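Asks: One file is attached below, input.cif, containing mmCIF, C-alpha atoms.
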```cif
data_final
loop_
_atom_site.label_atom_id
_atom_site.label_comp_id
_atom_site.auth_asym_id
_atom_site.auth_seq_id
_atom_site.Cartn_x
_atom_site.Cartn_y
_atom_site.Cartn_z
CA MET A 106 -0.24 8.34 2.45
CA SER A 107 -3.84 9.32 2.06
CA ASN A 108 -6.89 8.80 -0.05
CA LEU A 109 -7.50 12.42 -1.03
CA ASP A 110 -10.80 11.73 -2.78
CA LEU A 111 -13.26 14.41 -1.62
CA ARG A 112 -16.13 11.94 -2.01
CA PRO A 113 -14.72 8.56 -1.01
CA VAL A 114 -17.09 5.63 -1.26
CA THR A 115 -17.35 2.85 1.28
CA LYS A 116 -15.93 -0.48 0.13
CA ARG A 117 -16.52 -3.95 1.47
CA CYS A 118 -13.25 -5.86 1.44
CA GLY A 119 -12.00 -9.23 2.57
CA GLY A 120 -13.96 -12.42 3.04
CA ASN A 121 -11.98 -13.78 0.10
CA GLY A 122 -12.31 -17.42 -0.86
CA ARG A 123 -9.42 -19.26 -2.45
CA THR A 124 -9.14 -19.42 -6.20
CA GLY A 125 -6.85 -21.46 -8.38
CA PRO A 126 -4.20 -19.87 -10.58
CA VAL A 127 -5.61 -17.12 -12.83
CA ARG A 128 -4.22 -14.35 -15.05
CA ASP A 129 -6.44 -11.34 -14.50
CA VAL A 130 -5.16 -7.88 -15.45
CA GLN A 131 -6.72 -5.34 -13.08
CA PRO A 132 -7.53 -1.86 -14.40
CA GLY A 133 -6.32 1.15 -12.44
CA LYS A 134 -7.55 4.73 -12.42
CA GLN A 135 -5.79 8.09 -12.32
CA VAL A 136 -6.22 9.88 -8.98
CA PRO A 137 -4.65 13.21 -7.86
CA LEU A 138 -2.51 13.01 -4.70
CA GLY A 139 -1.83 16.46 -3.28
CA GLU A 140 -0.95 19.46 -5.40
CA SER A 141 1.25 18.02 -8.12
CA THR A 142 1.27 14.21 -7.93
CA LEU A 143 -0.96 11.96 -10.05
CA VAL A 144 -1.17 8.30 -9.03
CA ARG A 145 -2.48 5.12 -10.61
CA ARG A 146 -4.81 3.50 -8.08
CA LEU A 147 -4.71 -0.27 -8.61
CA LEU A 148 -6.30 -1.55 -5.40
CA PRO A 149 -9.09 -1.54 -4.52
CA ASN A 150 -10.84 -1.71 -7.89
CA LEU A 151 -14.13 -3.05 -9.21
CA GLY A 152 -12.72 -6.50 -9.91
CA ARG A 153 -10.43 -6.99 -6.91
CA ARG A 154 -10.58 -5.48 -3.42
CA MET A 155 -7.61 -7.20 -1.76
CA VAL A 156 -4.62 -9.46 -2.36
CA GLY A 157 -3.99 -11.24 0.91
CA ALA A 158 -4.04 -8.45 3.49
CA TRP A 159 -2.89 -5.87 0.89
CA CYS A 160 -5.90 -3.57 0.50
CA PHE A 161 -4.60 -0.41 -1.21
CA VAL A 162 -1.99 0.12 -3.93
CA ASP A 163 -1.00 3.41 -5.58
CA HIS A 164 1.77 3.62 -8.18
CA TYR A 165 3.15 7.06 -9.11
CA GLY A 166 5.80 8.42 -11.44
CA PRO A 167 8.36 8.64 -12.65
CA ASP A 168 7.52 12.35 -12.37
CA ASP A 169 9.90 15.22 -13.05
CA ILE A 170 9.39 17.47 -10.02
CA ALA A 171 12.50 19.62 -10.39
CA ASP A 172 10.35 22.75 -10.55
CA GLU A 173 7.40 21.35 -8.59
CA PRO A 174 6.70 20.88 -4.88
CA GLY A 175 6.35 17.15 -5.45
CA MET A 176 4.39 15.08 -2.96
CA GLN A 177 2.49 17.24 -0.49
CA VAL A 178 0.06 15.23 1.64
CA PRO A 179 -1.10 17.15 4.75
CA PRO A 180 -1.63 15.54 8.14
CA HIS A 181 -4.42 12.95 8.01
CA PRO A 182 -5.61 10.01 10.15
CA HIS A 183 -5.34 6.23 9.78
CA MET A 184 -7.02 3.38 11.63
CA GLY A 185 -6.88 -0.41 11.32
CA LEU A 186 -4.02 -0.71 8.84
CA GLN A 187 -0.31 -0.46 8.07
CA THR A 188 1.12 1.90 5.46
CA VAL A 189 4.12 0.96 3.33
CA SER A 190 6.19 3.61 1.53
CA TRP A 191 8.41 2.28 -1.27
CA LEU A 192 10.51 4.41 -3.60
CA HIS A 193 12.50 3.82 -6.77
CA ASP A 194 13.41 7.51 -7.16
CA GLY A 195 13.13 10.55 -4.94
CA GLU A 196 12.65 11.15 -1.24
CA VAL A 197 9.60 11.38 1.04
CA LEU A 198 9.68 13.09 4.43
CA HIS A 199 7.45 11.32 6.95
CA ARG A 200 6.10 12.99 10.10
CA ASP A 201 3.58 11.45 12.48
CA SER A 202 1.73 12.05 15.73
CA LEU A 203 4.21 9.84 17.61
CA GLY A 204 6.89 12.45 16.88
CA SER A 205 8.61 10.43 14.13
CA LEU A 206 10.56 12.43 11.56
CA GLN A 207 12.17 10.31 8.84
CA THR A 208 13.26 10.78 5.24
CA VAL A 209 12.54 7.62 3.24
CA ARG A 210 14.80 7.00 0.24
CA PRO A 211 14.83 4.47 -2.61
CA ARG A 212 14.79 0.80 -1.54
CA GLU A 213 14.18 1.74 2.10
CA LEU A 214 11.09 0.59 3.97
CA GLY A 215 8.91 3.17 5.68
CA LEU A 216 6.35 1.14 7.65
CA MET A 217 3.68 2.74 9.81
CA THR A 218 1.27 0.69 11.91
CA SER A 219 -1.79 2.75 12.73
CA GLY A 220 -3.37 0.37 15.22
CA TRP A 221 -6.24 2.15 16.92
CA ALA A 222 -5.22 5.61 15.71
CA ILE A 223 -2.35 7.60 14.23
CA ALA A 224 -1.92 10.67 12.03
CA HIS A 225 0.90 11.49 9.62
CA SER A 226 1.97 13.68 6.72
CA GLU A 227 4.15 12.95 3.71
CA GLU A 228 5.98 15.47 1.56
CA SER A 229 8.89 15.83 -0.79
CA PRO A 230 11.68 17.67 1.08
CA ARG A 231 12.21 21.30 0.12
CA ASP A 232 15.45 20.37 -1.65
CA HIS A 233 14.43 17.18 -3.40
CA PRO A 234 15.76 15.03 -6.25
CA ARG A 235 14.48 15.67 -9.76
CA LEU A 236 12.46 12.44 -10.08
CA LEU A 237 9.73 10.98 -7.87
CA HIS A 238 8.73 7.36 -8.51
CA GLY A 239 7.33 4.72 -6.22
CA ALA A 240 4.37 2.96 -4.68
CA GLN A 241 2.30 3.48 -1.58
CA LEU A 242 0.44 0.54 -0.10
CA TRP A 243 -1.81 -0.40 2.80
CA VAL A 244 -2.06 -3.68 4.70
CA ALA A 245 -5.29 -4.40 6.60
CA LEU A 246 -4.72 -5.40 10.23
CA PRO A 247 -6.54 -8.58 11.34
CA GLY A 248 -9.15 -8.14 14.05
CA GLU A 249 -6.96 -9.32 16.92
CA HIS A 250 -4.34 -6.68 16.10
CA ARG A 251 -6.39 -3.69 14.94
CA HIS A 252 -6.19 -2.05 18.36
CA THR A 253 -2.44 -2.52 18.71
CA GLU A 254 -0.26 0.42 19.72
CA PRO A 255 0.69 2.68 16.78
CA SER A 256 4.31 2.61 15.63
CA PHE A 257 6.67 3.68 12.85
CA GLU A 258 9.61 1.66 11.51
CA HIS A 259 12.34 2.61 9.07
CA HIS A 260 14.55 -0.13 7.62
CA ASP A 261 17.36 0.78 5.23
CA ASP A 262 18.96 -2.69 5.08
CA LEU A 263 16.53 -5.20 3.60
CA PRO A 264 17.34 -8.79 2.59
CA VAL A 265 18.06 -9.44 -1.08
CA VAL A 266 17.55 -12.72 -2.94
CA THR A 267 19.35 -13.36 -6.22
CA GLY A 268 18.28 -15.95 -8.74
CA ALA A 269 19.47 -17.45 -11.97
CA GLY A 270 19.12 -15.44 -15.14
CA GLY A 271 19.30 -11.90 -13.79
CA LEU A 272 16.69 -11.80 -11.00
CA THR A 273 17.29 -9.71 -7.87
CA ALA A 274 14.52 -9.58 -5.25
CA THR A 275 14.42 -7.17 -2.31
CA VAL A 276 12.09 -8.47 0.41
CA ILE A 277 10.03 -5.50 1.61
CA LEU A 278 7.69 -7.34 3.99
CA GLY A 279 7.24 -10.95 4.97
CA GLU A 280 9.31 -13.83 3.61
CA LEU A 281 10.43 -14.88 0.15
CA ALA A 282 12.74 -17.74 -0.84
CA GLY A 283 14.07 -18.07 2.71
CA ALA A 284 14.76 -14.35 3.26
CA THR A 285 12.69 -12.42 5.81
CA SER A 286 12.15 -8.67 6.04
CA PRO A 287 12.71 -6.99 9.43
CA GLY A 288 9.39 -5.15 9.02
CA THR A 289 6.66 -6.13 11.48
CA THR A 290 3.74 -8.10 10.02
CA TYR A 291 0.47 -9.26 11.55
CA SER A 292 -0.70 -11.80 8.96
CA PRO A 293 1.02 -14.20 6.53
CA LEU A 294 2.05 -12.07 3.55
CA VAL A 295 4.90 -11.01 1.29
CA GLY A 296 5.91 -7.87 -0.57
CA ALA A 297 9.00 -7.92 -2.76
CA ASP A 298 10.65 -5.64 -5.31
CA LEU A 299 11.85 -7.72 -8.25
CA ALA A 300 14.51 -6.36 -10.61
CA LEU A 301 14.95 -8.35 -13.84
CA ALA A 302 17.81 -7.80 -16.26
CA ALA A 303 17.05 -7.91 -19.99
CA GLY A 304 16.88 -11.51 -21.14
CA THR A 305 15.89 -12.93 -17.76
CA ASP A 306 13.86 -16.13 -18.07
CA THR A 307 13.38 -17.76 -14.68
CA ARG A 308 10.90 -19.23 -12.21
CA LEU A 309 10.46 -17.80 -8.71
CA PRO A 310 9.40 -20.22 -5.93
CA VAL A 311 6.15 -19.07 -4.26
CA ASP A 312 3.77 -20.33 -1.57
CA PRO A 313 0.74 -22.23 -2.98
CA ASP A 314 -1.39 -21.09 -0.01
CA PHE A 315 -0.87 -17.42 -0.93
CA GLU A 316 -2.73 -15.42 -3.53
CA TYR A 317 -0.46 -13.13 -5.56
CA ALA A 318 -0.46 -10.07 -7.76
CA ALA A 319 2.35 -8.45 -9.75
CA LEU A 320 2.67 -4.74 -10.51
CA THR A 321 5.12 -3.57 -13.15
CA ILE A 322 6.97 -0.49 -11.88
CA SER A 323 9.25 0.18 -14.85
CA GLY A 324 10.04 -1.43 -18.18
CA GLU A 325 7.97 -4.29 -19.58
CA SER A 326 7.80 -7.60 -17.76
CA GLU A 327 6.21 -10.91 -18.67
CA VAL A 328 4.60 -12.68 -15.73
CA ASP A 329 3.29 -16.20 -16.34
CA GLY A 330 3.13 -15.41 -20.04
CA VAL A 331 1.26 -12.09 -19.65
CA ARG A 332 3.08 -8.99 -20.92
CA LEU A 333 2.70 -6.09 -18.48
CA ALA A 334 3.35 -2.44 -19.29
CA PRO A 335 4.36 -0.05 -16.45
CA GLY A 336 1.50 0.58 -14.04
CA SER A 337 -0.29 -2.71 -14.81
CA LEU A 338 -1.45 -5.06 -12.03
CA LEU A 339 -1.86 -8.76 -12.76
CA TYR A 340 -3.87 -10.82 -10.25
CA LEU A 341 -2.58 -14.40 -10.17
CA GLY A 342 -4.76 -16.24 -7.63
CA CYS A 343 -3.58 -19.11 -5.40
CA GLY A 344 -2.23 -22.59 -5.95
CA ARG A 345 1.16 -21.84 -7.50
CA THR A 346 4.48 -23.27 -6.40
CA GLU A 347 6.50 -21.14 -8.83
CA LEU A 348 5.99 -18.03 -10.92
CA PRO A 349 7.45 -17.81 -14.46
CA LEU A 350 9.14 -14.44 -15.09
CA ARG A 351 10.64 -13.08 -18.30
CA ALA A 352 12.17 -9.72 -19.12
CA PRO A 353 12.37 -8.53 -22.74
CA THR A 354 14.11 -5.41 -21.36
CA ASP A 355 15.42 -4.34 -17.97
CA CYS A 356 12.36 -4.03 -15.75
CA ALA A 357 11.16 -3.89 -12.17
CA LEU A 358 7.96 -5.11 -10.56
CA LEU A 359 6.35 -5.50 -7.17
CA LEU A 360 5.19 -8.92 -6.08
CA LEU A 361 2.40 -8.79 -3.48
CA GLY A 362 0.94 -11.86 -1.84
CA GLY A 363 -0.56 -13.39 1.24
CA GLU A 364 -3.09 -15.82 2.61
CA PRO A 365 -6.58 -14.76 1.47
CA PHE A 366 -7.98 -12.31 4.03
CA GLU A 367 -11.02 -14.07 5.48
CA GLU A 368 -12.36 -11.23 7.62
CA ASN A 369 -14.90 -8.84 6.18
CA VAL A 370 -13.92 -5.19 6.62
CA ILE A 371 -15.16 -1.75 5.65
CA MET A 372 -12.71 0.65 4.04
CA TRP A 373 -13.59 4.34 3.80
CA TRP A 374 -11.27 7.31 3.30
CA ASN A 375 -8.19 6.43 5.42
CA PHE A 376 -9.89 3.99 7.77
CA VAL A 377 -10.26 0.21 7.85
CA GLY A 378 -13.00 -0.87 10.25
CA ARG A 379 -15.49 -3.67 10.82
CA THR A 380 -18.74 -1.75 11.07
CA GLN A 381 -20.24 1.51 9.91
CA ASP A 382 -20.08 2.67 13.53
CA ASP A 383 -16.29 2.14 13.50
CA ILE A 384 -15.98 4.46 10.51
CA GLU A 385 -18.38 7.10 11.81
CA GLN A 386 -16.64 7.20 15.19
CA ALA A 387 -13.18 7.51 13.61
CA ARG A 388 -14.35 10.41 11.45
CA ALA A 389 -15.94 12.16 14.45
CA ASP A 390 -12.76 11.66 16.48
CA TRP A 391 -10.62 13.17 13.71
CA ILE A 392 -12.90 16.21 13.62
CA ALA A 393 -12.78 16.48 17.42
CA GLY A 394 -8.97 16.40 17.29
CA ASP A 395 -8.03 14.13 20.20
CA ARG A 396 -7.76 10.45 19.35
CA PHE A 397 -5.29 10.66 16.43
CA GLY A 398 -2.83 13.08 18.01
CA THR A 399 -1.01 16.00 16.39
CA VAL A 400 1.55 16.01 13.58
CA ARG A 401 4.05 18.73 14.41
CA GLY A 402 6.31 20.52 11.93
CA TYR A 403 4.16 20.32 8.78
CA ASP A 404 3.73 23.74 7.17
CA GLY A 405 0.02 23.75 6.51
CA ALA A 406 -3.40 22.71 7.74
CA ARG A 407 -4.43 19.12 8.28
CA LEU A 408 -6.85 17.38 5.92
CA PRO A 409 -10.53 17.88 6.72
CA ALA A 410 -12.69 14.76 6.86
CA PRO A 411 -14.93 14.33 3.83
CA ALA A 412 -18.66 13.81 4.20
CA LEU A 413 -19.87 10.30 4.85
CA PRO A 414 -21.78 8.57 2.04
CA GLY A 415 -25.55 8.80 2.26
CA VAL A 416 -26.09 5.04 2.17
CA PRO A 417 -24.33 2.95 4.85
CA LEU A 418 -22.68 -0.27 3.80
CA LYS A 419 -22.09 -3.03 6.31
CA PRO A 420 -19.76 -6.01 5.89
CA ARG A 421 -21.22 -9.45 5.34
CA GLY A 422 -20.03 -12.87 6.38
CA ARG A 423 -17.66 -13.87 9.13
CA VAL A 424 -15.96 -11.21 11.21
CA ARG A 425 -13.28 -12.29 13.65
#
```
Would you put the structure from the file into structure tokens?

Replies:
Amino acid sequence: MSNLDLRPVTKRCGGNGRTGPVRDVQPGKQVPLGESTLVRRLLPNLGRRMVGAWCFVDHYGPDDIADEPGMQVPPHPHMGLQTVSWLHDGEVLHRDSLGSLQTVRPRELGLMTSGWAIAHSEESPRDHPRLLHGAQLWVALPGEHRHTEPSFEHHDDLPVVTGAGGLTATVILGELAGATSPGTTYSPLVGADLALAAGTDTRLPVDPDFEYAALTISGESEVDGVRLAPGSLLYLGCGRTELPLRAPTDCALLLLGGEPFEENVIMWWNFVGRTQDDIEQARADWIAGDRFGTVRGYDGARLPAPALPGVPLKPRGRVR
């Protein structure tokens, strides 16, 4: 996935202190992704940069793309992060500079670790399903792992937790209620897809050391007493041992959580770095064409790097 903003701004992220339980609905904004996909960008936003190591969340669809090309994101670079592709409807064809070629389908995990450098493209296959609906997310890599070797994982058999009252949870990353995803993680975190049948009224055990946020994917959910329409992100803070969930109708939501990310990072375009020099060097290397490798098989040109902002922004506080 990519941030296709032609004028991306630099964002300082991380360095988060712990907060007690809160109920803070985070506003999103509409952002075009490729030729025919419009996404709701929920992280980062003005009020909240990260949730644990989760630093970027786009929710899109459901879109009727029967007569449209669907998702078309040309080859582009990533540094210092992991990308997570998660679908409820449709298919996304992933290609990367390692030579990976994988179609990701609903409830399958497409997990790419950029490490020092990787490039990839994402597109709806030529013959694709009518609907496209899902989320695309980034996880910031901690300093000790940001130069790890790049990799791509595809997992089509993820653990499922069932609870009383109509709750079914698919563990995308990390651990929830004793079930652990096979996806590789580099910091304590969790990502789970929660399906709630109409009439569900239950409490989900959670880790009090984690901060959490919930994103409603479809239907209307009620999380800790807050009613959430589709595309709404509720930041919940830390200090909880359980999370009250209710479902007036059938609904689905993503639960994202993790230990507060204490490092200060800079996020610009598709890069997560520690200094302005990190970002400038990554951009120059993408233009030069060597460091990030080549994505083969995509029918089209790669994304050009946007111009850097005129005013540099450096992280503050502790950097590990």

Asks: Where does the PyMOL selection byres ((chain A and resi 128-136) around 7) land in this file, that is, which residues does it pick, as an MDAnalysis selection string?

Replies: chainID A and resid 127 137:138 143:147 152 338:341

Asks: Specify as number ranges by chain each residue included when the PyMOL selection byres ((chain A and resi 324) around 10) is applied to this file.

Replies: A: 301, 303, 321-323, 325-326, 333-336, 352-358

Asks: Given the selection you just returned, output its residues as a file containing C-alpha atoms, formatted as a JSON list (two decimals), in the frame of the given file.

Replies:
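Saved as out-v2.json:
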```json
[["chain", "number", "residue", "atom", "x", "y", "z"],
["A", 301, "LEU", "CA", 14.95, -8.35, -13.84],
["A", 303, "ALA", "CA", 17.05, -7.91, -19.99],
["A", 321, "THR", "CA", 5.12, -3.57, -13.15],
["A", 322, "ILE", "CA", 6.97, -0.49, -11.88],
["A", 323, "SER", "CA", 9.25, 0.18, -14.85],
["A", 325, "GLU", "CA", 7.97, -4.29, -19.58],
["A", 326, "SER", "CA", 7.80, -7.60, -17.76],
["A", 333, "LEU", "CA", 2.70, -6.09, -18.48],
["A", 334, "ALA", "CA", 3.35, -2.44, -19.29],
["A", 335, "PRO", "CA", 4.36, -0.05, -16.45],
["A", 336, "GLY", "CA", 1.50, 0.58, -14.04],
["A", 352, "ALA", "CA", 12.17, -9.72, -19.12],
["A", 353, "PRO", "CA", 12.37, -8.53, -22.74],
["A", 354, "THR", "CA", 14.11, -5.41, -21.36],
["A", 355, "ASP", "CA", 15.42, -4.34, -17.97],
["A", 356, "CYS", "CA", 12.36, -4.03, -15.75],
["A", 357, "ALA", "CA", 11.16, -3.89, -12.17],
["A", 358, "LEU", "CA", 7.96, -5.11, -10.56]]
```

Asks: So what do you get for CA of Asp168 in chain A versus CA of Asp194 in chain A, distance-wise?

Replies: 9.2 Å

Asks: Considering all atoms listed in the file, state which residue in the set A:Thr218, A:Thr124, A:Thr346, A:Gln381 is at the smallest distance from Asp201 in chain A.

Replies: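 Selected residue with least distance to Asp201 in chain A: A:Thr218.
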
Asks: How many Å lie between CA of Arg235 in chain A and CA of Arg212 in chain A, rounded to one decimal?

Replies: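 Between CA of Arg235 in chain A and CA of Arg212 in chain A the gap is 17.0 Å.
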
Asks: Please report the interatomic distance between CA of Arg210 in chain A and CA of Asp261 in chain A in Å with one decimal.

Replies: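 The value is 8.4 Å.
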
Asks: Which of these, A:Cys343, A:Leu186, A:Val416, A:Leu361, has the shortest distance to Gly125 in chain A once you count only C-alpha atoms?

Replies: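 Once distances to Gly125 in chain A are computed over only C-alpha atoms, the minimum belongs to A:Cys343.
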
Asks: Out of A:Gly279, A:Gly271, A:Pro313, A:Pro180, which residue has the shortest atom-to-atom distance to Val400 in chain A when counting all atoms listed in the file?

Replies: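 Smallest separation from Val400 in chain A among the options: A:Pro180.
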
Asks: Which residues, named as in the file, does the PyMOL selection byres ((chain A and resi 239) around 10) pick out? Answer as number ranges by chain.

Replies: A: 144, 163-168, 190-196, 211-212, 237-238, 240-241, 322-323

Asks: Using only C-alpha atoms, which protein or nucleic acid residues come within 8 Å of range 156-161 of chain A? Drop anything in the same chain fewer than 3 positions from it, and give the result as a short mmCIF file (atom, residue, chain, number, x, y, z; two decimals) with C-alpha atoms, keeping the file's coordinate frame.

Replies:
```
data_model
loop_
_atom_site.label_atom_id
_atom_site.label_comp_id
_atom_site.auth_asym_id
_atom_site.auth_seq_id
_atom_site.Cartn_x
_atom_site.Cartn_y
_atom_site.Cartn_z
CA CYS A 118 -13.25 -5.86 1.44
CA ARG A 146 -4.81 3.50 -8.08
CA LEU A 147 -4.71 -0.27 -8.61
CA LEU A 148 -6.30 -1.55 -5.40
CA PRO A 149 -9.09 -1.54 -4.52
CA ARG A 153 -10.43 -6.99 -6.91
CA GLN A 241 2.30 3.48 -1.58
CA LEU A 242 0.44 0.54 -0.10
CA TRP A 243 -1.81 -0.40 2.80
CA VAL A 244 -2.06 -3.68 4.70
CA ALA A 245 -5.29 -4.40 6.60
CA LEU A 246 -4.72 -5.40 10.23
CA SER A 292 -0.70 -11.80 8.96
CA LEU A 294 2.05 -12.07 3.55
CA PHE A 315 -0.87 -17.42 -0.93
CA GLU A 316 -2.73 -15.42 -3.53
CA TYR A 317 -0.46 -13.13 -5.56
CA ALA A 318 -0.46 -10.07 -7.76
CA LEU A 361 2.40 -8.79 -3.48
CA GLY A 362 0.94 -11.86 -1.84
CA GLY A 363 -0.56 -13.39 1.24
CA GLU A 364 -3.09 -15.82 2.61
CA PRO A 365 -6.58 -14.76 1.47
CA PHE A 366 -7.98 -12.31 4.03
#
```

Asks: Which residues, protein or nucleic acid, reach to within 6 Å of (5.6, 0.1, 6.9) in the file's coordinates when using all atoms listed in the file, and can you give that as a PyMOL selection string?

Replies: chain A and resi 188-189+215-217

Asks: Tell me, as a ChimeraX atom specification, which residues lie within 8 Å of Ala224 in chain A, counting all atoms listed in the file; anything in the same chain fewer than 4 positions away does not count.

Replies: /A:180-183,201-202,219,397-400

Asks: Taking only C-alpha atoms into account, name the residue in A:His260, A:Arg401, A:His252, A:Arg345 that is nearest to Leu206 in chain A.

Replies: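 So, comparing all the options, the nearest one is A:Arg401.
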